[in-house]
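Structure, as structure tokens:
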Amino acid sequence: MEVTEVTYATEFTEVFTTKAGAIYQCDNESCWYIDFAGKLARFDYRCLLKLNKAINVIDIEKRLLDSSSPDMEIIFICACDDTYVLTLTQIIAFKELLQGTFVMLELNNIICTRLYRTAV
Amino acid sequence: MKDIIRVQSLLSVGVEAAINQQIKKEAQSSSIYLAMASWCDRNGFDNSADYFFKQSEEERAHQLKFYKYVLDMGGTAISPEVTNIKIEYNSFREVFEDALEQEVSVTESIKAIAARCHKEQDYVTLEFLNWFFKEQREEEYKARRALELFDVIGEAGTGRWEIDHHVSKIKYDNE
């Protein structure tokens, strides 16, 4: 019996890159891969939104001014496989990376709508 | 590159957050009306208590309508926490003043969501909100009319008994 193995090439499209990391989109899996803090983590739609929210709610200014608050933050996203333990500098870098990513995804939405979805 | 976010959900992050806020507001309204029903019942205004029980159920239905809309459109509906509900009122009139204030605040809140939808050209949500605008016409009318009874009938003598009697008859049938 002939066994045919079907493999899909996992193609990544770069969404946004900074010096600290990068976020790639995988169309085959409908998800994003985040290359940050020394690891590559997979995030689906809901987890990416939750991650963005978790990072955005951190009040960096308050943390910097408050000497009693720890310099580390554990980013745990419920129902997501990965957890981040980040310093304040990393959080600032992560925030920048995610902000850029969401701007690019919005831009992609505008392009897709204008090019393929609207009749006029 | 696929537009994954749009494929997953019709709602933008901002509109979804605004509707989730509204879900919380409707839940709060429902609880406030329940507290009003309790106060009216405790103070012998049985018809008004029934009126507020009905109002509470309506607000709960509104909350679920928003809730299901978010889910149907691919978003994440958040079950809200409701706290700090006022349980004591200084007077019978104050209950109705608060009820009107509550309805005005709900209308304004829905208007703010509609303004956001206009800005984002989210005409689907805008059309969904139209039902609520029509509903708010009725809700504000009823709350305003109830308060009007205090001026028309007056609270002296058996006035409050009369008001309580007429509250159950308030109807809005102007489509």
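Chain labels A, B, ... are given in the sequence in which chains occur in the structure tokens; within each chain residues are numbered consecutively from 1, and ligands are likewise numbered from 1 in the order shown.
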
Non-local contacts of region 60-72 of chain A (9 Å; only C-alpha atoms; under 2 positions in same chain excluded) as a PyMOL selection string: chain A and resi 57-58+74+85-88+91-92

Within 9 Å of Lys86 (chain B) using only C-alpha atoms, minus same-chain residues under 3 positions, as a list in words: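 Answer for this query is Ile32, Ala35, Met36 and Tyr89 of chain B.
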
Members of chain A assigned alpha helix (DSSP H) by DSSP, as number ranges by chain: A: 45-56, 60-65, 88-112

From A:Thr13, A:Gly38, A:Leu107, A:Gly100, residue lying nearest Cys26 (chain A) [only C-alpha atoms]: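 Under the stated criterion, the closest residue is A:Thr13.
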
Distance filter 7 Å, only C-alpha atoms, chain B against chain A, as JSON, numbers by chain: {"B": [1, 2, 3, 4, 5]}

For Leu34 (chain B): contacts at 7 Å, only C-alpha atoms, fewer than 4 positions along chain excluded, given as number ranges by chain: B: 30, 38, 52-53, 56

Atomic separation - CA of Ser48 (chain B) relative to CA of Leu129 (chain B), Å: 28.8 Å

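Residue nearest Gln28 (chain B) within the list B:Asn84, B:Thr125, B:Asn174, B:Asn90: B:Asn84 [criterion: smallest interatomic distance, only C-alpha atoms].
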
Spatial neighbours of Leu147 (chain B), max dist 7 Å, only C-alpha atoms, sep filter under 3 positions, as a list in words: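 Selected residues are Phe96, Glu97, Ala143, Arg144 and Phe150 of chain B.
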